[in-house]
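Okay, so here's the structure we're looking at.
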Amino acid sequence: MELLRLATAGSVDDGKSTLIGRLLYDSKSIFEDQYAAIEDASRRRGEDAPNLALLTDGLRAEREQGITIDVAYRYFATPKRAFILADTPGHPQYTRNMVTGASTANLALVLVDARNGIVEQSRRHAFLATLLRVPHLVLCVNKMDLVDYDQGVFDSIKEEFEQFASRLDIGDLTSVPVSALNGDNVVTRSGNMPWYEGSALLHHLEEVYIASDRNLTDVRFPVQYVIRPRKDSHHDYRGYAGTVAAGVIKVGDEVEVLPSGLGTSISAIDTPNGPVEEAYPPMSVCVRLSEDVDISRGDMICRPHNQPTMSQTMDATLCWMADQPLQPGRRYAIKHTTRWSRAVVRTLHYRVDVNTMHREEGVESLRRNDIGRVTLRMTQPLFVDEYRRNRTTGGFILVDEGTNQTVAAGMITEAS
Amino acid sequence: MSTPTYQLSQLQSLEAEGIHIIREVAAEFERPVMLFSGGKDSAVMLWLARRAFTPAPIPFPVMHVDTGHNFPEVLEYRDRVVDMLGLRLVVASVQESIDAGRVTELPGQHSSRNQLQTEALLLGITQNRFDAAFGGARRDEEKARAKERVFSFRDEFGQWDPKIQRPELWSLYNGRHHAGEHIRVFPLSNWTESDVWHYIEHAEVPLPPIYFAHQRQCFRRGDMWMAVGPWTSPRPHEQVETVTVRYRTVGDMTVTGAVESTATAVADIIVEVSASRLTERGATRADDRTSEASMEDRKREGYF
């Protein structure tokens with residue numbers, strides 16, 4: 001069984017919680033005691049029907065204020081696939097949560113209310129999902145029951161969204177008309193919309209092809225930890241543990257280790273389940289090399305003629321996440337794969353209006369939830385790829401060295 | 001293991017993620033520790049750690065927060081596993097906290113020591129200057145936990161503040177902290193109860209015998225079967241019966257209930273779990289039923 005990670009975006013009004021509640025409930029992932037607890041809470045609040053939205057509100061402040069303030073993770077499974085759903089709030093203030101949820105997602109669900117059509121928020125969600133390079137996007141036109149299941153309404157929303165989407169770099173877009181409340185097209189095809197020829201949402205989630213989304217071409221193996229048993233039984237064992245970030249590595253492959261540039265070959269690949277001949281993302285393995293070269297955490301194993309850019313300067317898109325605005329010229333800690341360094345924002349080129357995608361030049365700073373293009377200069381070289389080619393070697397975080405807070409997420413656009 | 005499409009199964013993906021997290025901590029922290037209760041989640045976590053560093057030994061100690069109200073079978077299991085893997089065991093004792101007057105046990109014949117574990121846990125972390133503590137908590141267990149990070153920052157008092165959680169993107173974990181603060185790390189964040197059982201079967205993870213069906217002297221309290229033991233005895237109206245039961249969770253004996261079951265092997269349990277309509281905590285933990293926010297409150301104070 002495969003694992004699919006998805007992120008949802010949409011506000012309470014779009015019926016997002018109801019849709020999630022239905023996916024969980026209809027896939028039998030809600031237990032009786034959880035259901036009883038929300039029945040009970042709904043009654044105490046004076047609501048007539050069990051409010052499925054309460055399932056997704058975890059913290060007291062959220063229940064008190066009726067809002068979602070943080071990413072919540074939900075789990076459900078069908079016989080075909082297991083799903084990890086990052087449920088992110090849709091409110092503009094929470095761009096950072098959407099970005100967080102989207103960073104690991106294979107698929108993003110953008111929810112719109114059929115009565116309102118595409119609104120600013122829908123565009124923002126689609127833009128952020130594209131920015132984080134979520135390979136599959138699903139537009140869910142919800143509340144079809146409230147527009148008499150009218151094909152015309154669905155078609156015009158779909159068309160408007162596709163027009164907007166053509167300005168973005170979306171790999172795969174599917175649109176589904178649903179009524180989360182009644183369950184139309186959520187788990188089973190709806191008789192109310194015979195004109196719709198596509199799959200029900202859950203069926204699409206089960207079938208969407210994700211195997212080719214990873215980069216299996218450019219071998220990238222950031223060394224995470226060196227395993228040296230120092231025991232008599234494994235006296236000479238020296239293994240380089242890590243997660244395959246991209247490419248397929250094979251025993252016998254010629255490899256080169258950065259930054260030293262030393263060439264050697266792979267003599268063995270050990271996994272939790274024993275030795276294997278080849279490894280691919282996202283396997284956690286331990287690589288042994290035929291020569292005893294000096295390698296430590298933060299080094300990168302790759303192929304001789306296919307290497308990341310080794311660079312101290314790069315251009316990136318930043319999503320700013322901290323209350324304290326970005327201070328260009330100030331030093332931040334940067335974590336990229338398994339390497340920590342320090343970085344300074346040398347130039348802030350522009351800020352992107354996430355609603356219109358308009359570039360605002362001449363800005364002096366980025367505030368919380370702002371997105372902007374910058375040039376960074378690092379204190380030591382990193383081994384980077386463009387984020388569009390590789391989500392692992394193309395992404396990084398910035399950390400404030402005083403507060404230790406994660407202040408920004410970055411997507412590398414160009415290394416020089 | 002490889003297939004023509006180079007695709008991991010769901011369980012392999014979760015295993016890879018867990019191992020990545022454990023190695024990241026071993027690489028970036030000076031004094032990590034793994035919490036080990038003897039329960040199935042901590043057993044799986046320990047097995048991941050074993051696989052993460054093999055053929056080298058696990059490079060950190062384990063800590064057991066001992067409520068003093070343990071199932072004897074679990075203590076015996078704990079010592080056996082520690083011995084088998086050649087680990088160093090640190091015991092943080094709730095009884096010592098009580099004896100030293102750091103915490104006061106609530107009055108009552110069956111008062112739970114679950115609440116009191118927090119003090120012993122935090123003291124154990126402080127005294128040993130641990131800077132990272134692995135826990136076996138899963139996000140699917142409970143609503144407050146659904147919002148927990150994999151690397152969860154704790155201040156000098158061990159407190160969790162859900163409002164200042166660090167954004168956590170890709171697999172880039174930020175474990176930076178000042179002296180006296182620490183990070184709780186949850187390698188099983190994305191696992192469900194069913195995943196845990198499937199993994200136990202796949203990786204042949206040993207468990208304490210109380211997870212499997214056995215005969216036990218029990219009495220009915222509310223809708224749970226409680227075992228007759230040194231710290232739990234029936235009230236006058238509660239009838240003692242011999243029942244074939246097993247435990248779905250392992251906790252303080254005074255608050256952990258058994259379920260009727262004939263599952264004697266992991267495969268039987270997998271069938272049982274997939275048919276169950278109650279969460280494991282809802283079914284067998286009296287302490288989690290106290291209020292809608294009881295887990296959130298305990299977590300804020302520094303609970304697991």
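Order determines the names: the first chain of the structure tokens is A, the second B, and so forth; residues in each chain are numbered 1 upward, and ligands are numbered 1 upward as they are shown.
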Q. Taking only C-alpha atoms into account, which residues of chain A are within 6 Å of chain B, as an MDAnalysis selection string?
A. chainID A and resid 1:3 31:33 58:59 72:73 100 103:104 225 229 272 283:284 404 406
Q: Report as a ChimeraX atom specification: the residues of region 68-244 of chain B with a DSSP assignment of alpha helix (DSSP H), based on the backbone of this structure.
A: /B:72-85,94-99,117-127,193-203
**Q.** Residue with smallest distance to Gly257 (chain B) - pool B:Trp225, B:Phe212, B:Tyr303, B:Tyr199, counting only C-alpha atoms
**A.**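 Using only C-alpha atoms, Gly257 (chain B) sits closest to B:Trp225.
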Could you list, as a PDB file with C-alpha atoms, in the first residue's frame, every residue within 10 Å of region 93-109 of chain B, counting only C-alpha atoms and ignoring same-chain residues fewer than 5 positions away?
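Output contents, as saved in selection-v7.pdb:
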ATOM      1  CA  HIS B  64      11.685   4.965  32.065  1.00  0.00           C
ATOM      2  CA  VAL B  65       9.325   7.192  34.025  1.00  0.00           C
ATOM      3  CA  ASP B  66       8.334   4.795  36.750  1.00  0.00           C
ATOM      4  CA  THR B  67       4.990   5.534  38.371  1.00  0.00           C
ATOM      5  CA  GLY B  68       5.560   2.810  40.941  1.00  0.00           C
ATOM      6  CA  HIS B  69       2.299   1.255  39.768  1.00  0.00           C
ATOM      7  CA  ASN B 114      -0.279   9.787  35.547  1.00  0.00           C
ATOM      8  CA  GLN B 115      -0.407  13.492  36.383  1.00  0.00           C
ATOM      9  CA  LEU B 116       2.552  13.100  38.702  1.00  0.00           C
ATOM     10  CA  GLN B 117       4.721  11.617  35.979  1.00  0.00           C
ATOM     11  CA  THR B 118       5.391  15.060  34.567  1.00  0.00           C
ATOM     12  CA  GLU B 119       7.430  16.111  37.608  1.00  0.00           C
ATOM     13  CA  ALA B 120       9.548  12.946  37.564  1.00  0.00           C
ATOM     14  CA  LEU B 121      10.038  13.186  33.815  1.00  0.00           C
ATOM     15  CA  LEU B 123      13.448  16.148  36.897  1.00  0.00           C
ATOM     16  CA  GLY B 124      14.983  13.215  35.046  1.00  0.00           C
ATOM     17  CA  TRP B 231      -2.947  -0.799  43.697  1.00  0.00           C
ATOM     18  CA  THR B 232      -6.363  -1.560  42.339  1.00  0.00           C
ATOM     19  CA  SER B 233      -9.001  -3.418  44.234  1.00  0.00           C
ATOM     20  CA  ARG B 235     -15.166  -1.503  45.646  1.00  0.00           C
ATOM     21  CA  THR B 254      -4.514   2.174  38.305  1.00  0.00           C
TER      22      THR B 254
END
**Q.** Proximity to Ser175 (chain A) - best of A:Val187, A:Ala241, A:Ala279, A:Ile157, only C-alpha atoms
**A.**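 Distance minimum relative to Ser175 (chain A) lands on A:Ile157.
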Q: Using CA of Arg220 (chain A) and CA of Ala245 (chain A) as the two end points, give the distance in Å to one decimal.
A: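 It comes out at 5.4 Å.
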Q: Work out how far CA of Glu361 (chain A) is from CA of Ile412 (chain A), in Å to one decimal.
A: 19.4 Å
(Q) Rounded to one decimal, what separation in Å do you get between CA of Gln151 (chain A) and CA of Ala129 (chain A)? (A)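 Going from CA of Gln151 (chain A) over to CA of Ala129 (chain A) covers 26.6 Å.
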Q.
If we count only C-alpha atoms and set the cut-off at 12 Å, which residues sit around Ser156 (chain A), ignoring sequence neighbours fewer than 5 positions away in its own chain? Please answer as a list of chain:residue names.
A.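 The contact residues come out as A:Ala114, A:Arg115, A:Asn116, A:Gly117, A:Ile118, A:Val141, A:Asp150, A:Gln151, A:Phe161, A:Glu162, A:Gln163, A:Ser175, A:Pro177.
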